[in-house]
$ cat final38.cif   # mmCIF, C-alpha atoms and all ligand atoms
data_my_file
loop_
_atom_site.group_PDB
_atom_site.id
_atom_site.type_symbol
_atom_site.label_atom_id
_atom_site.label_comp_id
_atom_site.auth_asym_id
_atom_site.auth_seq_id
_atom_site.Cartn_x
_atom_site.Cartn_y
_atom_site.Cartn_z
ATOM 1 C CA MET A 1 0.000 0.000 0.000
ATOM 2 C CA LEU A 2 2.920 2.343 0.593
ATOM 3 C CA THR A 3 5.115 1.550 -2.389
ATOM 4 C CA LYS A 4 4.766 5.126 -3.686
ATOM 5 C CA LEU A 5 6.468 6.296 -0.491
ATOM 6 C CA LEU A 6 8.626 3.332 0.504
ATOM 7 C CA SER A 7 10.287 0.976 -1.939
ATOM 8 C CA ARG A 8 10.127 -2.765 -1.267
ATOM 9 C CA GLU A 9 13.942 -2.744 -1.144
ATOM 10 C CA THR A 10 13.971 -0.089 1.598
ATOM 11 C CA CYS A 11 11.590 -2.161 3.721
ATOM 12 C CA ALA A 12 13.414 -5.430 2.983
ATOM 13 C CA ASP A 13 16.705 -3.896 4.150
ATOM 14 C CA CYS A 14 15.199 -2.606 7.389
ATOM 15 C CA ARG A 15 12.491 -4.848 8.929
ATOM 16 C CA LEU A 16 12.448 -2.712 12.046
ATOM 17 C CA CYS A 17 8.667 -2.899 12.020
ATOM 18 C CA CYS A 18 8.804 -6.686 12.559
ATOM 19 C CA ILE A 19 10.969 -6.516 15.701
ATOM 20 C CA PHE A 20 9.678 -5.105 18.973
ATOM 21 C CA ASP A 21 11.075 -4.084 22.329
ATOM 22 C CA ARG A 22 9.196 -3.768 25.601
ATOM 23 C CA TYR A 23 8.133 -0.211 24.760
ATOM 24 C CA ASP A 24 6.618 -0.888 21.375
ATOM 25 C CA VAL A 25 5.469 -4.466 21.797
ATOM 26 C CA TRP A 26 1.902 -3.116 21.684
ATOM 27 C CA GLU A 27 2.643 -2.525 17.975
ATOM 28 C CA THR A 28 2.579 -6.245 17.133
ATOM 29 C CA PRO A 29 -0.016 -6.676 14.408
ATOM 30 C CA VAL A 30 -3.686 -7.286 15.091
ATOM 31 C CA ILE A 31 -4.672 -10.558 13.472
ATOM 32 C CA SER A 32 -8.138 -11.540 12.307
ATOM 33 C CA LYS A 33 -9.679 -14.954 12.978
ATOM 34 C CA GLU A 34 -9.157 -16.007 9.346
ATOM 35 C CA MET A 35 -5.564 -14.863 9.346
ATOM 36 C CA ARG A 36 -4.950 -16.720 12.605
ATOM 37 C CA GLU A 37 -6.039 -19.949 10.903
ATOM 38 C CA ARG A 38 -3.705 -19.257 8.026
ATOM 39 C CA ILE A 39 -0.790 -18.510 10.363
ATOM 40 C CA LEU A 40 -1.401 -21.758 12.235
ATOM 41 C CA GLN A 41 -1.017 -23.643 8.968
ATOM 42 C CA LEU A 42 2.379 -21.986 8.482
ATOM 43 C CA LEU A 43 3.417 -22.028 12.143
ATOM 44 C CA PRO A 44 1.489 -24.693 14.068
ATOM 45 C CA ASP A 45 3.154 -23.707 17.359
ATOM 46 C CA ALA A 46 2.258 -20.016 17.126
ATOM 47 C CA GLU A 47 0.550 -18.730 20.269
ATOM 48 C CA PHE A 48 -2.029 -15.961 20.375
ATOM 49 C CA ILE A 49 -4.022 -13.986 22.871
ATOM 50 C CA SER A 50 -7.375 -12.381 22.160
ATOM 51 C CA LYS A 51 -7.574 -8.699 21.348
ATOM 52 C CA GLY A 52 -11.008 -7.155 21.419
ATOM 53 C CA GLN A 53 -14.056 -8.995 20.148
ATOM 54 C CA GLU A 54 -12.746 -10.962 17.221
ATOM 55 C CA SER A 55 -9.024 -10.440 16.819
ATOM 56 C CA TYR A 56 -5.750 -11.741 18.166
ATOM 57 C CA ILE A 57 -2.159 -10.724 18.703
ATOM 58 C CA PHE A 58 0.851 -12.979 19.198
ATOM 59 C CA ARG A 59 1.534 -14.047 22.765
ATOM 60 C CA VAL A 60 4.743 -12.346 23.904
ATOM 61 C CA ARG A 61 6.600 -13.342 27.049
ATOM 62 C CA GLU A 62 7.515 -10.533 29.393
ATOM 63 C CA LEU A 63 10.382 -8.531 27.915
ATOM 64 C CA ASP A 64 13.234 -7.100 29.937
ATOM 65 C CA GLU A 65 14.962 -3.826 29.110
ATOM 66 C CA ASN A 66 17.206 -5.266 26.360
ATOM 67 C CA ASP A 67 14.957 -8.065 25.120
ATOM 68 C CA LEU A 68 13.475 -8.064 21.650
ATOM 69 C CA PHE A 69 10.500 -9.943 20.255
ATOM 70 C CA THR A 70 10.739 -10.843 16.577
ATOM 71 C CA CYS A 71 7.447 -11.490 14.842
ATOM 72 C CA PRO A 72 7.254 -15.264 14.334
ATOM 73 C CA LEU A 73 6.268 -14.631 10.724
ATOM 74 C CA LEU A 74 9.564 -12.961 9.872
ATOM 75 C CA ASP A 75 11.795 -15.277 7.869
ATOM 76 C CA PRO A 76 15.331 -13.882 8.224
ATOM 77 C CA ALA A 77 16.153 -14.706 4.611
ATOM 78 C CA LYS A 78 12.884 -14.045 2.811
ATOM 79 C CA GLY A 79 10.994 -11.515 4.896
ATOM 80 C CA CYS A 80 7.362 -11.846 5.908
ATOM 81 C CA ARG A 81 6.002 -15.354 5.451
ATOM 82 C CA LEU A 82 2.619 -13.864 4.609
ATOM 83 C CA GLY A 83 3.977 -12.198 1.470
ATOM 84 C CA THR A 84 1.546 -9.560 0.242
ATOM 85 C CA GLU A 85 -1.264 -10.846 2.518
ATOM 86 C CA LYS A 86 0.042 -9.171 5.644
ATOM 87 C CA PRO A 87 -2.140 -7.929 8.501
ATOM 88 C CA PHE A 88 -3.597 -4.475 7.813
ATOM 89 C CA ASP A 89 -1.379 -2.975 10.529
ATOM 90 C CA CYS A 90 1.697 -4.135 8.619
ATOM 91 C CA GLN A 91 0.371 -2.970 5.275
ATOM 92 C CA ILE A 92 0.022 0.605 6.484
ATOM 93 C CA TRP A 93 2.945 0.816 8.941
ATOM 94 C CA PRO A 94 4.444 3.311 9.902
ATOM 95 C CA PHE A 95 1.005 4.918 9.656
ATOM 96 C CA ARG A 96 -1.080 4.001 12.677
ATOM 97 C CA ILE A 97 -4.725 4.463 13.482
ATOM 98 C CA MET A 98 -5.317 5.822 16.971
ATOM 99 C CA GLU A 99 -8.171 7.187 19.023
ATOM 100 C CA LEU A 100 -8.095 10.314 21.136
ATOM 101 C CA GLY A 101 -11.082 11.897 22.812
ATOM 102 C CA GLY A 102 -13.537 9.705 20.923
ATOM 103 C CA ARG A 103 -12.084 10.558 17.522
ATOM 104 C CA ARG A 104 -9.872 8.477 15.249
ATOM 105 C CA ALA A 105 -6.671 9.857 13.760
ATOM 106 C CA ILE A 106 -3.927 8.658 11.476
ATOM 107 C CA THR A 107 -0.577 9.015 13.204
ATOM 108 C CA ILE A 108 2.933 8.016 12.242
ATOM 109 C CA ALA A 109 5.506 5.900 14.077
ATOM 110 C CA PRO A 110 8.555 8.164 14.437
ATOM 111 C CA ILE A 111 10.977 5.244 14.357
ATOM 112 C CA CYS A 112 10.688 4.678 10.594
ATOM 113 C CA GLU A 113 13.641 6.669 9.270
ATOM 114 C CA ALA A 114 12.695 6.345 5.611
ATOM 115 C CA MET A 115 9.302 7.918 6.227
ATOM 116 C CA ALA A 116 10.650 10.500 8.664
ATOM 117 C CA ALA A 117 12.883 11.717 5.826
ATOM 118 C CA GLN A 118 9.837 12.565 3.685
ATOM 119 C CA PRO A 119 8.378 16.089 3.799
ATOM 120 C CA VAL A 120 5.177 16.215 5.843
ATOM 121 C CA GLY A 121 3.419 17.683 2.798
ATOM 122 C CA THR A 122 4.254 14.552 0.796
ATOM 123 C CA LEU A 123 2.846 12.293 3.507
ATOM 124 C CA LEU A 124 -0.335 14.367 3.789
ATOM 125 C CA LYS A 125 -0.853 14.454 0.023
ATOM 126 C CA PHE A 126 -0.424 10.687 -0.167
ATOM 127 C CA LEU A 127 -2.873 10.133 2.693
ATOM 128 C CA LYS A 128 -5.444 12.497 1.211
ATOM 129 C CA GLU A 129 -5.225 11.115 -2.295
ATOM 130 C CA GLU A 130 -4.497 7.442 -1.711
ATOM 131 C CA LEU A 131 -4.924 5.957 1.711
ATOM 132 C CA ALA A 132 -6.790 7.909 4.396
ATOM 133 C CA GLU A 133 -10.237 6.806 3.247
ATOM 134 C CA THR A 134 -9.149 3.144 3.229
ATOM 135 C CA ILE A 135 -7.614 3.420 6.695
ATOM 136 C CA PHE A 136 -10.640 5.114 8.249
ATOM 137 C CA ALA A 137 -13.043 2.669 6.586
ATOM 138 C CA TYR A 138 -11.013 -0.317 7.810
ATOM 139 C CA ALA A 139 -10.833 1.119 11.323
ATOM 140 C CA ALA A 140 -14.602 1.633 11.397
ATOM 141 C CA ALA A 141 -15.189 -1.981 10.351
ATOM 142 C CA HIS A 142 -12.408 -3.451 12.530
ATOM 143 C CA PRO A 143 -12.232 -1.393 15.733
ATOM 144 C CA ASP A 144 -9.716 -3.829 17.240
ATOM 145 C CA VAL A 145 -6.975 -2.225 15.121
ATOM 146 C CA VAL A 146 -7.513 1.196 16.692
ATOM 147 C CA GLN A 147 -4.913 1.913 19.368
ATOM 148 C CA PRO A 148 -5.186 4.435 22.180
ATOM 149 C CA TYR A 149 -3.352 7.638 21.321
ATOM 150 C CA ASP A 150 0.358 7.667 22.132
ATOM 151 C CA ASP A 151 1.823 11.160 22.215
ATOM 152 C CA LEU A 152 5.112 10.001 20.688
ATOM 153 C CA TYR A 153 3.193 9.495 17.447
ATOM 154 C CA PRO A 154 2.471 12.764 15.627
ATOM 155 C CA VAL A 155 -1.079 13.110 14.336
ATOM 156 C CA LEU A 156 -1.145 13.562 10.567
ATOM 157 C CA MET A 157 -4.869 13.542 9.931
ATOM 158 C CA TRP A 158 -8.114 13.408 11.898
ATOM 159 C CA GLU A 159 -11.056 11.413 10.672
ATOM 160 C CA PRO A 160 -13.566 13.842 9.161
ATOM 161 C CA ARG A 161 -16.582 14.465 11.360
ATOM 162 C CA THR A 162 -19.785 13.142 9.859
ATOM 163 C CA PHE A 163 -22.112 15.857 11.265
HETATM 164 S S1 LIG B 201 3.203 -10.086 9.984
HETATM 165 FE FE1 LIG B 201 4.900 -9.939 8.539
HETATM 166 S S2 LIG B 201 5.130 -7.728 8.143
HETATM 167 FE FE2 LIG B 201 3.858 -7.962 9.977
HETATM 168 S S3 LIG B 201 5.284 -7.816 11.719
HETATM 169 FE FE3 LIG B 201 5.067 -10.001 11.193
HETATM 170 S S4 LIG B 201 6.752 -10.442 9.752
HETATM 171 FE FE4 LIG B 201 6.509 -8.218 9.857
#
$ encode --input "final38.cif" --output "structure tokens"
Amino acid sequence: MLTKLLSRETCADCRLCCIFDRYDVWETPVISKEMRERILQLLPDAEFISKGQESYIFRVRELDENDLFTCPLLDPAKGCRLGTEKPFDCQIWPFRIMELGGRRAITIAPICEAMAAQPVGTLLKFLKEELAETIFAYAAAHPDVVQPYDDLYPVLMWEPRTF
């Protein structure tokens, strides 16, 4: 979804978004019931916990200060085992969908250096023209992907009010 902003090569060389520390482990992708079944075919030992009404996230043991959790779907040689069928969270990362004061907003994870190097105007234009509508529609249909607002994540766009 982001290939106009981030090349596949840039993402393949980085993979930061597939590795988590204790502070961003909440960023592990939200997984639908159907995707969970698919993951279990690939990784029969994968463990999940419920998130919200009908979604899951990977079970992660408690992480100490220097511990990292690598997404079980990351193949060190080939990248994501799900190919182009990644969870929505991964398709739009480093954009995030968050909720503050009863309103949804698209934010951006500051840790993605390739996106941080882009002018804000470029990001906003891309959201307006290509992706914001898709993100807000997905969030409305799948509220489990909406995270509470984290003030380290700059807000790029608020969901338009419908009144
Ligand atoms: S599902 Fe794939 S893209 Fe998403 S965090 Fe795991 S390995 Fe990375």
$ resolve_selection --input "final38.cif" --expression "the PyMOL selection byres (((not hetatm)) within 9 of (chain B and resi 201))" --output "PyMOL selection string"
chain A and resi 15-20+27-29+31+70-75+79-91+93
$ atom_distance --input "final38.cif" --atom1 "atom CA of A:Thr3" --atom2 "atom CA of A:Leu68"
27.2 Å
$ closest_residue --input "final38.cif" --among "A:Val146, A:Ile49, A:Ala105, A:Cys11" --to "A:Pro160" --atoms "all atoms listed in the file"
A:Ala105
$ resolve_selection --input "final38.cif" --expression "the PyMOL selection byres (((chain A and resi 143) around 12) and not hetatm)" --output "mmCIF file with C-alpha atoms, keeping the file's coordinate frame"
data_model
loop_
_atom_site.group_PDB
_atom_site.id
_atom_site.type_symbol
_atom_site.label_atom_id
_atom_site.label_comp_id
_atom_site.auth_asym_id
_atom_site.auth_seq_id
_atom_site.Cartn_x
_atom_site.Cartn_y
_atom_site.Cartn_z
ATOM 1 C CA VAL A 30 -3.686 -7.286 15.091
ATOM 2 C CA SER A 32 -8.138 -11.540 12.307
ATOM 3 C CA LYS A 51 -7.574 -8.699 21.348
ATOM 4 C CA GLY A 52 -11.008 -7.155 21.419
ATOM 5 C CA GLN A 53 -14.056 -8.995 20.148
ATOM 6 C CA GLU A 54 -12.746 -10.962 17.221
ATOM 7 C CA SER A 55 -9.024 -10.440 16.819
ATOM 8 C CA ILE A 97 -4.725 4.463 13.482
ATOM 9 C CA MET A 98 -5.317 5.822 16.971
ATOM 10 C CA GLU A 99 -8.171 7.187 19.023
ATOM 11 C CA ARG A 104 -9.872 8.477 15.249
ATOM 12 C CA ILE A 135 -7.614 3.420 6.695
ATOM 13 C CA PHE A 136 -10.640 5.114 8.249
ATOM 14 C CA ALA A 137 -13.043 2.669 6.586
ATOM 15 C CA TYR A 138 -11.013 -0.317 7.810
ATOM 16 C CA ALA A 139 -10.833 1.119 11.323
ATOM 17 C CA ALA A 140 -14.602 1.633 11.397
ATOM 18 C CA ALA A 141 -15.189 -1.981 10.351
ATOM 19 C CA HIS A 142 -12.408 -3.451 12.530
ATOM 20 C CA ASP A 144 -9.716 -3.829 17.240
ATOM 21 C CA VAL A 145 -6.975 -2.225 15.121
ATOM 22 C CA VAL A 146 -7.513 1.196 16.692
ATOM 23 C CA GLN A 147 -4.913 1.913 19.368
ATOM 24 C CA PRO A 148 -5.186 4.435 22.180
#
$ resolve_selection --input "final38.cif" --expression "the PyMOL selection byres (((chain A and resi 48) around 9) and not hetatm)" --output "compact mmCIF listing (two decimals) with C-alpha atoms, in the coordinates of the input"
# COMPACT_ATOMS: atom_id res chain seq x y z
CA ARG A 36 -4.95 -16.72 12.60
CA ALA A 46 2.26 -20.02 17.13
CA GLU A 47 0.55 -18.73 20.27
CA ILE A 49 -4.02 -13.99 22.87
CA SER A 50 -7.38 -12.38 22.16
CA TYR A 56 -5.75 -11.74 18.17
CA ILE A 57 -2.16 -10.72 18.70
CA PHE A 58 0.85 -12.98 19.20
CA ARG A 59 1.53 -14.05 22.76
CA VAL A 60 4.74 -12.35 23.90
$ closest_residue --input "final38.cif" --among "A:Lys33, A:Ile39, A:Met115, A:Trp26" --to "A:Ser7" --atoms "all atoms listed in the file"
A:Met115
$ atom_distance --input "final38.cif" --atom1 "atom CA of A:Pro110" --atom2 "atom CA of A:Glu129"
21.9 Å
$ closest_residue --input "final38.cif" --among "A:Leu63, A:Leu123, A:Leu6, A:Met157" --to "A:Ile106" --atoms "all atoms listed in the file"
A:Met157
$ residues_around --input "final38.cif" --residues "A:Cys14" --least-positions-apart "6" --cutoff "10 Å" --atoms "all atoms listed in the file" --output "ChimeraX atom specification"
/A:112-114
$ decode --input "final38.cif" --residues "stretch 34-115 of chain A" --atoms "C-alpha atoms" --output "mmCIF file, in the first residue's frame"
data_model
loop_
_atom_site.group_PDB
_atom_site.id
_atom_site.type_symbol
_atom_site.label_atom_id
_atom_site.label_comp_id
_atom_site.auth_asym_id
_atom_site.auth_seq_id
_atom_site.Cartn_x
_atom_site.Cartn_y
_atom_site.Cartn_z
ATOM 1 C CA GLU A 34 -9.157 -16.007 9.346
ATOM 2 C CA MET A 35 -5.564 -14.863 9.346
ATOM 3 C CA ARG A 36 -4.950 -16.720 12.605
ATOM 4 C CA GLU A 37 -6.039 -19.949 10.903
ATOM 5 C CA ARG A 38 -3.705 -19.257 8.026
ATOM 6 C CA ILE A 39 -0.790 -18.510 10.363
ATOM 7 C CA LEU A 40 -1.401 -21.758 12.235
ATOM 8 C CA GLN A 41 -1.017 -23.643 8.968
ATOM 9 C CA LEU A 42 2.379 -21.986 8.482
ATOM 10 C CA LEU A 43 3.417 -22.028 12.143
ATOM 11 C CA PRO A 44 1.489 -24.693 14.068
ATOM 12 C CA ASP A 45 3.154 -23.707 17.359
ATOM 13 C CA ALA A 46 2.258 -20.016 17.126
ATOM 14 C CA GLU A 47 0.550 -18.730 20.269
ATOM 15 C CA PHE A 48 -2.029 -15.961 20.375
ATOM 16 C CA ILE A 49 -4.022 -13.986 22.871
ATOM 17 C CA SER A 50 -7.375 -12.381 22.160
ATOM 18 C CA LYS A 51 -7.574 -8.699 21.348
ATOM 19 C CA GLY A 52 -11.008 -7.155 21.419
ATOM 20 C CA GLN A 53 -14.056 -8.995 20.148
ATOM 21 C CA GLU A 54 -12.746 -10.962 17.221
ATOM 22 C CA SER A 55 -9.024 -10.440 16.819
ATOM 23 C CA TYR A 56 -5.750 -11.741 18.166
ATOM 24 C CA ILE A 57 -2.159 -10.724 18.703
ATOM 25 C CA PHE A 58 0.851 -12.979 19.198
ATOM 26 C CA ARG A 59 1.534 -14.047 22.765
ATOM 27 C CA VAL A 60 4.743 -12.346 23.904
ATOM 28 C CA ARG A 61 6.600 -13.342 27.049
ATOM 29 C CA GLU A 62 7.515 -10.533 29.393
ATOM 30 C CA LEU A 63 10.382 -8.531 27.915
ATOM 31 C CA ASP A 64 13.234 -7.100 29.937
ATOM 32 C CA GLU A 65 14.962 -3.826 29.110
ATOM 33 C CA ASN A 66 17.206 -5.266 26.360
ATOM 34 C CA ASP A 67 14.957 -8.065 25.120
ATOM 35 C CA LEU A 68 13.475 -8.064 21.650
ATOM 36 C CA PHE A 69 10.500 -9.943 20.255
ATOM 37 C CA THR A 70 10.739 -10.843 16.577
ATOM 38 C CA CYS A 71 7.447 -11.490 14.842
ATOM 39 C CA PRO A 72 7.254 -15.264 14.334
ATOM 40 C CA LEU A 73 6.268 -14.631 10.724
ATOM 41 C CA LEU A 74 9.564 -12.961 9.872
ATOM 42 C CA ASP A 75 11.795 -15.277 7.869
ATOM 43 C CA PRO A 76 15.331 -13.882 8.224
ATOM 44 C CA ALA A 77 16.153 -14.706 4.611
ATOM 45 C CA LYS A 78 12.884 -14.045 2.811
ATOM 46 C CA GLY A 79 10.994 -11.515 4.896
ATOM 47 C CA CYS A 80 7.362 -11.846 5.908
ATOM 48 C CA ARG A 81 6.002 -15.354 5.451
ATOM 49 C CA LEU A 82 2.619 -13.864 4.609
ATOM 50 C CA GLY A 83 3.977 -12.198 1.470
ATOM 51 C CA THR A 84 1.546 -9.560 0.242
ATOM 52 C CA GLU A 85 -1.264 -10.846 2.518
ATOM 53 C CA LYS A 86 0.042 -9.171 5.644
ATOM 54 C CA PRO A 87 -2.140 -7.929 8.501
ATOM 55 C CA PHE A 88 -3.597 -4.475 7.813
ATOM 56 C CA ASP A 89 -1.379 -2.975 10.529
ATOM 57 C CA CYS A 90 1.697 -4.135 8.619
ATOM 58 C CA GLN A 91 0.371 -2.970 5.275
ATOM 59 C CA ILE A 92 0.022 0.605 6.484
ATOM 60 C CA TRP A 93 2.945 0.816 8.941
ATOM 61 C CA PRO A 94 4.444 3.311 9.902
ATOM 62 C CA PHE A 95 1.005 4.918 9.656
ATOM 63 C CA ARG A 96 -1.080 4.001 12.677
ATOM 64 C CA ILE A 97 -4.725 4.463 13.482
ATOM 65 C CA MET A 98 -5.317 5.822 16.971
ATOM 66 C CA GLU A 99 -8.171 7.187 19.023
ATOM 67 C CA LEU A 100 -8.095 10.314 21.136
ATOM 68 C CA GLY A 101 -11.082 11.897 22.812
ATOM 69 C CA GLY A 102 -13.537 9.705 20.923
ATOM 70 C CA ARG A 103 -12.084 10.558 17.522
ATOM 71 C CA ARG A 104 -9.872 8.477 15.249
ATOM 72 C CA ALA A 105 -6.671 9.857 13.760
ATOM 73 C CA ILE A 106 -3.927 8.658 11.476
ATOM 74 C CA THR A 107 -0.577 9.015 13.204
ATOM 75 C CA ILE A 108 2.933 8.016 12.242
ATOM 76 C CA ALA A 109 5.506 5.900 14.077
ATOM 77 C CA PRO A 110 8.555 8.164 14.437
ATOM 78 C CA ILE A 111 10.977 5.244 14.357
ATOM 79 C CA CYS A 112 10.688 4.678 10.594
ATOM 80 C CA GLU A 113 13.641 6.669 9.270
ATOM 81 C CA ALA A 114 12.695 6.345 5.611
ATOM 82 C CA MET A 115 9.302 7.918 6.227
#
